[in-house]
Amino acid sequence: MNALDRIKPSVRALDQYVVKGKPPSPSLIKLNQNENPFDVPEALKREAVEALMASAWNRYPEVFPVQLHEALSSYTGHPADGVLAGNGSNELMYTVALAVVSRGTKVLVTEPAFFLYEKIIRLCEGEIVPVAMHEDLSYAPESIIETAKREQPALIVLVSPNSPTARSVTCADIETILAGTDALVLVDEAYIEFSDNPSVQSLIASHDNLIVLRTFSKAFSLAGLRVGYLLTNPSLCAELMKVTVPFAVNAFSASVAVALLNNLPVLRERIAYIKTEKKRVEAALRATDGLTLFPSDTNFLIFRTKENADVLFGKLLNDNVLVRDVSSYPMLDRVLRVNIGTREENDAFLASLNNHLS
Ligand SMILES: Cc1ncc(COP(=O)(O)O)c(C=O)c1O
């Protein structure tokens with residue numbers, strides 16, 4: 001028997017995760033992963049590195065990062081026993097799926113949505129119940145409710161604002177979905193800090209089937225250190241804690257996340273900067289011939305081009321501008337995604353785009 005035959009067919013059927021582009025370099029205008037264009041403030045980095053030097057690397061961190069859970073509890077106003085931090089929110093997606101999805105378990109996922117959900121459900125041999133977005137890429141809450149009633153999924157995943165579509169589902173619609181189903185509802189709020197819609201966190205108190213997932217990778221500038229967290233009711237949280245990888249959050253990442261939560265004004269200023277820049281880039285793209293811009297409720301924009309997305313992606317990359325080709329997602333034929341960077345980065349993107357479209 002071939003060694004590979006020992007690997008589950010659900011794994012063999014998956015593709016490797018690849019991000020198309022070039023490795024980061026000082027000259028690369030990197031706008032492809034919806035990251036914050038600003039690094040963690042230098043003073044904070046220095047303090048963190050000094051603390052790292054003074055710490056014992058031979059010792060395990062706490063099984064769960066208690067201090068971070070407490071800091072998150074103060075930040076969110078949610079009880080600490082309903083908070084679970086992870087090694088990026090991606091890790092917590094695996095935790096929830098491991099806890100809920102077995103062979104044949106139905107999971108309702110909107111289409112298109114963040115790719116990892118579909119991948120993890122396939123890995124767990126669950127059954128994906130897809131619900132398409134409207135043609136304009138807005139959510140179709142009525143179809144979600146109708147499908148949930150018919151298919152009785154164990155889990156419903158809503159990404160709001162969603163990547164790659166940049167649209168949100170309203171709190172009111174999520175409340176209707178929560179009330180109309182006894183499925184667990186996971187709302188991924190990775191981009192909530194950039195959204196004009198409020199978080200659904202306030203609904204946790206009245207809905208014991210709601211899990212809110214967030215990340216430090218976007219607004220908090222911490223993609224490289226891998227910190228995410230979920231908020232839910234304490235009983236559900238205790239079950240998820242049984243599943244999650246022990247020591248998932250390393251001591252360094254946990255302490256930097258706590259430090260960031262103690263430096264919110266600087267983060268808020270940056271969020272405001274990104275939102276202002278977004279309006280400027282949106283206006284420029286609306287005035288550009290040869291593309292159709294979609295509405296966005298977050299820190300990235302998507303647009304449909306006249307030519308093959310891959311061709312325009314390559315032309316931009318030749319100018320050292322790295323965007324994301326999302327054209328292989330359902331409904332996103334000829335669509336590229338670009339996140340908002342610094343003013344200079346945005347100008348470089350717009351100049352390159354105009355050059356290739358005119
Ligand atoms: C919808 C969504 N959820 C979560 C994440 C972030 O994952 P992590 O917290 O693991 O960096 C991303 C990043 O691209 C995302 O687009």
# chains A, B, ... in the order shown; residues from 1 in each chain; ligands from 1
call {"tool": "residues_around", "arguments": {"residues": "Lys8 (chain A)", "least_positions_apart": "4", "cutoff": "12 Å", "atoms": "only C-alpha atoms", "output": "NGL selection string"}}
result
:A and (3-4 or 12-14 or 122-125)
call {"tool": "residues_around", "arguments": {"residues": "Pro41 (chain A)", "least_positions_apart": "4", "cutoff": "9 Å", "atoms": "only C-alpha atoms", "output": "list in words"}}
result
Lys45, Arg46 and Val266 of chain A
call {"tool": "residues_around", "arguments": {"residues": "Ser217 (chain A)", "least_positions_apart": "2", "cutoff": "9 Å", "atoms": "only C-alpha atoms", "output": "ChimeraX atom specification"}}
result
/A:34-36,88-89,190,214-215,219-228
call {"tool": "write_last_selection", "arguments": {"atoms": "N, CA and C atoms", "output": "PDB file, in the first residue's frame"}}
result
ATOM      1  N   ASN A  34      -5.290  42.078   2.921  1.00  0.00           N
ATOM      2  CA  ASN A  34      -6.162  42.875   3.808  1.00  0.00           C
ATOM      3  C   ASN A  34      -5.505  43.183   5.149  1.00  0.00           C
ATOM      4  N   GLU A  35      -4.172  43.272   5.110  1.00  0.00           N
ATOM      5  CA  GLU A  35      -3.443  43.590   6.344  1.00  0.00           C
ATOM      6  C   GLU A  35      -3.527  45.082   6.634  1.00  0.00           C
ATOM      7  N   ASN A  36      -3.136  45.432   7.851  1.00  0.00           N
ATOM      8  CA  ASN A  36      -2.993  46.839   8.206  1.00  0.00           C
ATOM      9  C   ASN A  36      -1.678  47.320   7.597  1.00  0.00           C
ATOM     10  N   GLY A  88      -4.376  32.877  15.903  1.00  0.00           N
ATOM     11  CA  GLY A  88      -5.084  33.405  14.744  1.00  0.00           C
ATOM     12  C   GLY A  88      -6.520  32.912  14.799  1.00  0.00           C
ATOM     13  N   SER A  89      -7.429  33.658  14.159  1.00  0.00           N
ATOM     14  CA  SER A  89      -8.812  33.174  14.162  1.00  0.00           C
ATOM     15  C   SER A  89      -8.942  31.923  13.303  1.00  0.00           C
ATOM     16  N   ALA A 190     -13.866  39.401  11.353  1.00  0.00           N
ATOM     17  CA  ALA A 190     -12.442  39.732  11.171  1.00  0.00           C
ATOM     18  C   ALA A 190     -12.233  41.209  10.808  1.00  0.00           C
ATOM     19  N   ARG A 214     -13.182  36.943  16.046  1.00  0.00           N
ATOM     20  CA  ARG A 214     -12.459  38.171  15.672  1.00  0.00           C
ATOM     21  C   ARG A 214     -10.962  37.872  15.551  1.00  0.00           C
ATOM     22  N   THR A 215     -10.241  38.838  15.010  1.00  0.00           N
ATOM     23  CA  THR A 215      -8.797  38.642  14.805  1.00  0.00           C
ATOM     24  C   THR A 215      -8.000  39.888  15.166  1.00  0.00           C
ATOM     25  N   ALA A 219      -7.222  45.097  11.885  1.00  0.00           N
ATOM     26  CA  ALA A 219      -7.173  46.419  12.520  1.00  0.00           C
ATOM     27  C   ALA A 219      -6.054  46.513  13.546  1.00  0.00           C
ATOM     28  N   PHE A 220      -5.690  45.399  14.172  1.00  0.00           N
ATOM     29  CA  PHE A 220      -4.693  45.422  15.248  1.00  0.00           C
ATOM     30  C   PHE A 220      -3.247  45.231  14.763  1.00  0.00           C
ATOM     31  N   SER A 221      -3.052  45.158  13.451  1.00  0.00           N
ATOM     32  CA  SER A 221      -1.683  45.129  12.869  1.00  0.00           C
ATOM     33  C   SER A 221      -0.852  43.918  13.270  1.00  0.00           C
ATOM     34  N   LEU A 222      -1.474  42.802  13.626  1.00  0.00           N
ATOM     35  CA  LEU A 222      -0.694  41.729  14.235  1.00  0.00           C
ATOM     36  C   LEU A 222      -0.738  40.405  13.454  1.00  0.00           C
ATOM     37  N   ALA A 223      -0.906  40.478  12.135  1.00  0.00           N
ATOM     38  CA  ALA A 223      -1.041  39.239  11.354  1.00  0.00           C
ATOM     39  C   ALA A 223       0.144  38.292  11.587  1.00  0.00           C
ATOM     40  N   GLY A 224       1.343  38.858  11.739  1.00  0.00           N
ATOM     41  CA  GLY A 224       2.549  38.029  11.860  1.00  0.00           C
ATOM     42  C   GLY A 224       2.632  37.274  13.177  1.00  0.00           C
ATOM     43  N   LEU A 225       1.964  37.757  14.215  1.00  0.00           N
ATOM     44  CA  LEU A 225       2.091  37.085  15.521  1.00  0.00           C
ATOM     45  C   LEU A 225       0.934  36.133  15.813  1.00  0.00           C
ATOM     46  N   ARG A 226      -0.082  36.109  14.965  1.00  0.00           N
ATOM     47  CA  ARG A 226      -1.141  35.112  15.007  1.00  0.00           C
ATOM     48  C   ARG A 226      -1.958  35.122  16.299  1.00  0.00           C
ATOM     49  N   VAL A 227      -2.869  36.050  16.412  1.00  0.00           N
ATOM     50  CA  VAL A 227      -3.793  36.065  17.556  1.00  0.00           C
ATOM     51  C   VAL A 227      -5.212  36.327  17.050  1.00  0.00           C
ATOM     52  N   GLY A 228      -6.124  35.482  17.471  1.00  0.00           N
ATOM     53  CA  GLY A 228      -7.542  35.693  17.199  1.00  0.00           C
ATOM     54  C   GLY A 228      -8.306  35.321  18.461  1.00  0.00           C
TER      55      GLY A 228
END
call {"tool": "residues_around", "arguments": {"residues": "region 230-241 of chain A", "least_positions_apart": "5", "cutoff": "7 Å", "atoms": "only C-alpha atoms", "output": "ChimeraX atom specification"}}
result
/A:81-85,95-96,99,204,208,210-214
call {"tool": "select_by_dssp", "arguments": {"residues": "region 67-229 of chain A", "states": "strand (DSSP E or B)", "output": "PyMOL selection string"}}
result
chain A and resi 83-86+106-111+127-132+155-159+184-188+210-215+228-229
call {"tool": "decode", "arguments": {"residues": "region 58-211 of chain A", "atoms": "C-alpha atoms", "output": "PDB file, in the first residue's frame"}}
result
ATOM      1  CA  ASN A  58      12.202  26.898  28.217  1.00  0.00           C
ATOM      2  CA  ARG A  59       8.895  27.208  30.070  1.00  0.00           C
ATOM      3  CA  TYR A  60       5.462  26.516  28.672  1.00  0.00           C
ATOM      4  CA  PRO A  61       3.050  29.393  28.499  1.00  0.00           C
ATOM      5  CA  GLU A  62      -0.280  28.993  30.314  1.00  0.00           C
ATOM      6  CA  VAL A  63      -2.563  26.396  28.714  1.00  0.00           C
ATOM      7  CA  PHE A  64      -4.930  29.305  28.002  1.00  0.00           C
ATOM      8  CA  PRO A  65      -3.662  32.898  27.942  1.00  0.00           C
ATOM      9  CA  VAL A  66      -5.567  34.052  31.039  1.00  0.00           C
ATOM     10  CA  GLN A  67      -4.234  37.622  31.022  1.00  0.00           C
ATOM     11  CA  LEU A  68      -5.197  38.044  27.389  1.00  0.00           C
ATOM     12  CA  HIS A  69      -8.666  36.628  28.081  1.00  0.00           C
ATOM     13  CA  GLU A  70      -9.051  39.166  30.872  1.00  0.00           C
ATOM     14  CA  ALA A  71      -7.815  42.048  28.718  1.00  0.00           C
ATOM     15  CA  LEU A  72     -10.226  40.953  25.963  1.00  0.00           C
ATOM     16  CA  SER A  73     -13.014  40.786  28.502  1.00  0.00           C
ATOM     17  CA  SER A  74     -12.342  44.409  29.542  1.00  0.00           C
ATOM     18  CA  TYR A  75     -12.059  45.513  25.907  1.00  0.00           C
ATOM     19  CA  THR A  76     -15.260  43.824  24.741  1.00  0.00           C
ATOM     20  CA  GLY A  77     -17.298  43.994  27.958  1.00  0.00           C
ATOM     21  CA  HIS A  78     -17.909  40.240  27.560  1.00  0.00           C
ATOM     22  CA  PRO A  79     -17.372  37.885  30.546  1.00  0.00           C
ATOM     23  CA  ALA A  80     -13.851  36.374  30.571  1.00  0.00           C
ATOM     24  CA  ASP A  81     -15.221  32.816  30.806  1.00  0.00           C
ATOM     25  CA  GLY A  82     -16.872  33.360  27.432  1.00  0.00           C
ATOM     26  CA  VAL A  83     -13.618  34.385  25.722  1.00  0.00           C
ATOM     27  CA  LEU A  84     -11.236  31.990  23.952  1.00  0.00           C
ATOM     28  CA  ALA A  85      -8.064  33.205  22.225  1.00  0.00           C
ATOM     29  CA  GLY A  86      -6.348  31.202  19.509  1.00  0.00           C
ATOM     30  CA  ASN A  87      -3.353  31.124  17.202  1.00  0.00           C
ATOM     31  CA  GLY A  88      -5.084  33.405  14.744  1.00  0.00           C
ATOM     32  CA  SER A  89      -8.812  33.174  14.162  1.00  0.00           C
ATOM     33  CA  ASN A  90      -8.052  30.507  11.550  1.00  0.00           C
ATOM     34  CA  GLU A  91      -7.130  28.147  14.359  1.00  0.00           C
ATOM     35  CA  LEU A  92     -10.422  28.834  16.119  1.00  0.00           C
ATOM     36  CA  MET A  93     -12.305  27.987  12.918  1.00  0.00           C
ATOM     37  CA  TYR A  94     -10.721  24.527  13.146  1.00  0.00           C
ATOM     38  CA  THR A  95     -11.671  24.357  16.845  1.00  0.00           C
ATOM     39  CA  VAL A  96     -15.337  25.103  16.152  1.00  0.00           C
ATOM     40  CA  ALA A  97     -15.435  22.676  13.226  1.00  0.00           C
ATOM     41  CA  LEU A  98     -13.765  19.894  15.253  1.00  0.00           C
ATOM     42  CA  ALA A  99     -16.338  20.405  17.986  1.00  0.00           C
ATOM     43  CA  VAL A 100     -19.344  20.392  15.657  1.00  0.00           C
ATOM     44  CA  VAL A 101     -18.671  18.757  12.296  1.00  0.00           C
ATOM     45  CA  SER A 102     -18.433  14.996  11.733  1.00  0.00           C
ATOM     46  CA  ARG A 103     -19.060  12.969   8.580  1.00  0.00           C
ATOM     47  CA  GLY A 104     -22.290  14.223   6.994  1.00  0.00           C
ATOM     48  CA  THR A 105     -22.879  17.135   9.421  1.00  0.00           C
ATOM     49  CA  LYS A 106     -24.581  19.916   7.488  1.00  0.00           C
ATOM     50  CA  VAL A 107     -22.948  23.353   7.553  1.00  0.00           C
ATOM     51  CA  LEU A 108     -24.595  26.308   5.844  1.00  0.00           C
ATOM     52  CA  VAL A 109     -22.012  28.539   4.156  1.00  0.00           C
ATOM     53  CA  THR A 110     -22.753  31.522   1.968  1.00  0.00           C
ATOM     54  CA  GLU A 111     -21.156  31.704  -1.471  1.00  0.00           C
ATOM     55  CA  PRO A 112     -18.760  33.293  -2.069  1.00  0.00           C
ATOM     56  CA  ALA A 113     -17.213  33.388   1.408  1.00  0.00           C
ATOM     57  CA  PHE A 114     -13.812  33.121   3.063  1.00  0.00           C
ATOM     58  CA  PHE A 115     -12.280  29.976   1.506  1.00  0.00           C
ATOM     59  CA  LEU A 116     -11.078  28.338   4.730  1.00  0.00           C
ATOM     60  CA  TYR A 117     -14.545  27.429   5.986  1.00  0.00           C
ATOM     61  CA  GLU A 118     -15.274  25.237   2.998  1.00  0.00           C
ATOM     62  CA  LYS A 119     -11.848  23.628   3.269  1.00  0.00           C
ATOM     63  CA  ILE A 120     -12.227  22.790   6.980  1.00  0.00           C
ATOM     64  CA  ILE A 121     -15.730  21.390   6.513  1.00  0.00           C
ATOM     65  CA  ARG A 122     -14.453  19.143   3.716  1.00  0.00           C
ATOM     66  CA  LEU A 123     -11.582  18.059   5.955  1.00  0.00           C
ATOM     67  CA  CYS A 124     -14.077  17.086   8.674  1.00  0.00           C
ATOM     68  CA  GLU A 125     -16.176  15.275   6.006  1.00  0.00           C
ATOM     69  CA  GLY A 126     -19.117  17.572   6.691  1.00  0.00           C
ATOM     70  CA  GLU A 127     -21.719  18.447   4.076  1.00  0.00           C
ATOM     71  CA  ILE A 128     -21.644  21.998   2.749  1.00  0.00           C
ATOM     72  CA  VAL A 129     -25.040  23.615   2.285  1.00  0.00           C
ATOM     73  CA  PRO A 130     -24.296  26.610   0.055  1.00  0.00           C
ATOM     74  CA  VAL A 131     -26.447  29.732  -0.111  1.00  0.00           C
ATOM     75  CA  ALA A 132     -25.624  32.167  -2.910  1.00  0.00           C
ATOM     76  CA  MET A 133     -25.269  35.893  -2.368  1.00  0.00           C
ATOM     77  CA  HIS A 134     -27.498  38.165  -4.454  1.00  0.00           C
ATOM     78  CA  GLU A 135     -26.171  39.079  -7.906  1.00  0.00           C
ATOM     79  CA  ASP A 136     -24.826  42.400  -6.501  1.00  0.00           C
ATOM     80  CA  LEU A 137     -22.922  40.341  -3.879  1.00  0.00           C
ATOM     81  CA  SER A 138     -25.101  41.513  -0.977  1.00  0.00           C
ATOM     82  CA  TYR A 139     -26.268  38.882   1.514  1.00  0.00           C
ATOM     83  CA  ALA A 140     -29.549  37.054   0.881  1.00  0.00           C
ATOM     84  CA  PRO A 141     -30.867  36.633   4.458  1.00  0.00           C
ATOM     85  CA  GLU A 142     -34.236  35.348   3.258  1.00  0.00           C
ATOM     86  CA  SER A 143     -32.520  32.468   1.392  1.00  0.00           C
ATOM     87  CA  ILE A 144     -30.328  31.757   4.425  1.00  0.00           C
ATOM     88  CA  ILE A 145     -33.378  31.446   6.690  1.00  0.00           C
ATOM     89  CA  GLU A 146     -35.362  29.403   4.195  1.00  0.00           C
ATOM     90  CA  THR A 147     -32.408  27.057   3.547  1.00  0.00           C
ATOM     91  CA  ALA A 148     -31.679  26.702   7.277  1.00  0.00           C
ATOM     92  CA  LYS A 149     -35.324  25.736   7.937  1.00  0.00           C
ATOM     93  CA  ARG A 150     -35.285  23.189   5.137  1.00  0.00           C
ATOM     94  CA  GLU A 151     -31.821  21.673   5.618  1.00  0.00           C
ATOM     95  CA  GLN A 152     -31.503  21.916   9.429  1.00  0.00           C
ATOM     96  CA  PRO A 153     -27.722  22.525   9.453  1.00  0.00           C
ATOM     97  CA  ALA A 154     -25.772  22.101  12.690  1.00  0.00           C
ATOM     98  CA  LEU A 155     -23.716  25.191  11.963  1.00  0.00           C
ATOM     99  CA  ILE A 156     -24.267  28.383   9.980  1.00  0.00           C
ATOM    100  CA  VAL A 157     -21.220  30.459   9.030  1.00  0.00           C
ATOM    101  CA  LEU A 158     -21.663  34.154   8.284  1.00  0.00           C
ATOM    102  CA  VAL A 159     -18.632  36.330   7.557  1.00  0.00           C
ATOM    103  CA  SER A 160     -19.499  39.970   8.154  1.00  0.00           C
ATOM    104  CA  PRO A 161     -17.997  41.976   6.592  1.00  0.00           C
ATOM    105  CA  ASN A 162     -17.266  39.120   4.231  1.00  0.00           C
ATOM    106  CA  SER A 163     -14.056  38.439   2.380  1.00  0.00           C
ATOM    107  CA  PRO A 164     -13.775  38.539  -0.582  1.00  0.00           C
ATOM    108  CA  THR A 165     -17.116  40.310  -1.222  1.00  0.00           C
ATOM    109  CA  ALA A 166     -16.653  43.193   1.309  1.00  0.00           C
ATOM    110  CA  ARG A 167     -20.369  43.199   2.229  1.00  0.00           C
ATOM    111  CA  SER A 168     -21.980  42.826   5.658  1.00  0.00           C
ATOM    112  CA  VAL A 169     -25.135  41.169   6.870  1.00  0.00           C
ATOM    113  CA  THR A 170     -27.047  43.451   9.229  1.00  0.00           C
ATOM    114  CA  CYS A 171     -27.481  42.795  12.946  1.00  0.00           C
ATOM    115  CA  ALA A 172     -31.254  42.694  12.448  1.00  0.00           C
ATOM    116  CA  ASP A 173     -30.912  39.973   9.794  1.00  0.00           C
ATOM    117  CA  ILE A 174     -28.547  37.970  11.982  1.00  0.00           C
ATOM    118  CA  GLU A 175     -31.036  38.237  14.828  1.00  0.00           C
ATOM    119  CA  THR A 176     -33.767  36.858  12.563  1.00  0.00           C
ATOM    120  CA  ILE A 177     -31.470  34.025  11.464  1.00  0.00           C
ATOM    121  CA  LEU A 178     -30.586  33.236  15.106  1.00  0.00           C
ATOM    122  CA  ALA A 179     -34.227  33.182  16.118  1.00  0.00           C
ATOM    123  CA  GLY A 180     -35.244  31.011  13.161  1.00  0.00           C
ATOM    124  CA  THR A 181     -32.785  28.166  13.736  1.00  0.00           C
ATOM    125  CA  ASP A 182     -31.333  26.037  16.488  1.00  0.00           C
ATOM    126  CA  ALA A 183     -28.038  25.720  14.591  1.00  0.00           C
ATOM    127  CA  LEU A 184     -24.912  27.252  16.049  1.00  0.00           C
ATOM    128  CA  VAL A 185     -24.281  30.497  14.216  1.00  0.00           C
ATOM    129  CA  LEU A 186     -20.651  31.540  13.793  1.00  0.00           C
ATOM    130  CA  VAL A 187     -20.266  35.192  12.803  1.00  0.00           C
ATOM    131  CA  ASP A 188     -16.736  35.953  11.632  1.00  0.00           C
ATOM    132  CA  GLU A 189     -16.067  39.630  12.371  1.00  0.00           C
ATOM    133  CA  ALA A 190     -12.442  39.732  11.171  1.00  0.00           C
ATOM    134  CA  TYR A 191     -13.067  43.156   9.591  1.00  0.00           C
ATOM    135  CA  ILE A 192     -15.624  44.596  12.034  1.00  0.00           C
ATOM    136  CA  GLU A 193     -13.387  47.479  13.154  1.00  0.00           C
ATOM    137  CA  PHE A 194     -13.567  48.909   9.599  1.00  0.00           C
ATOM    138  CA  SER A 195     -17.307  48.372   9.230  1.00  0.00           C
ATOM    139  CA  ASP A 196     -20.106  50.929   9.443  1.00  0.00           C
ATOM    140  CA  ASN A 197     -22.362  48.183  10.825  1.00  0.00           C
ATOM    141  CA  PRO A 198     -22.318  47.358  14.537  1.00  0.00           C
ATOM    142  CA  SER A 199     -20.973  44.062  15.883  1.00  0.00           C
ATOM    143  CA  VAL A 200     -23.460  41.312  16.744  1.00  0.00           C
ATOM    144  CA  GLN A 201     -21.731  40.799  20.083  1.00  0.00           C
ATOM    145  CA  SER A 202     -24.707  42.282  21.965  1.00  0.00           C
ATOM    146  CA  LEU A 203     -26.844  39.355  20.724  1.00  0.00           C
ATOM    147  CA  ILE A 204     -24.761  36.761  22.604  1.00  0.00           C
ATOM    148  CA  ALA A 205     -26.583  37.500  25.877  1.00  0.00           C
ATOM    149  CA  SER A 206     -29.945  36.597  24.356  1.00  0.00           C
ATOM    150  CA  HIS A 207     -28.812  33.825  21.945  1.00  0.00           C
ATOM    151  CA  ASP A 208     -26.881  30.888  23.340  1.00  0.00           C
ATOM    152  CA  ASN A 209     -26.220  29.586  19.808  1.00  0.00           C
ATOM    153  CA  LEU A 210     -24.073  32.569  18.725  1.00  0.00           C
ATOM    154  CA  ILE A 211     -20.267  32.555  18.407  1.00  0.00           C
TER     155      ILE A 211
END
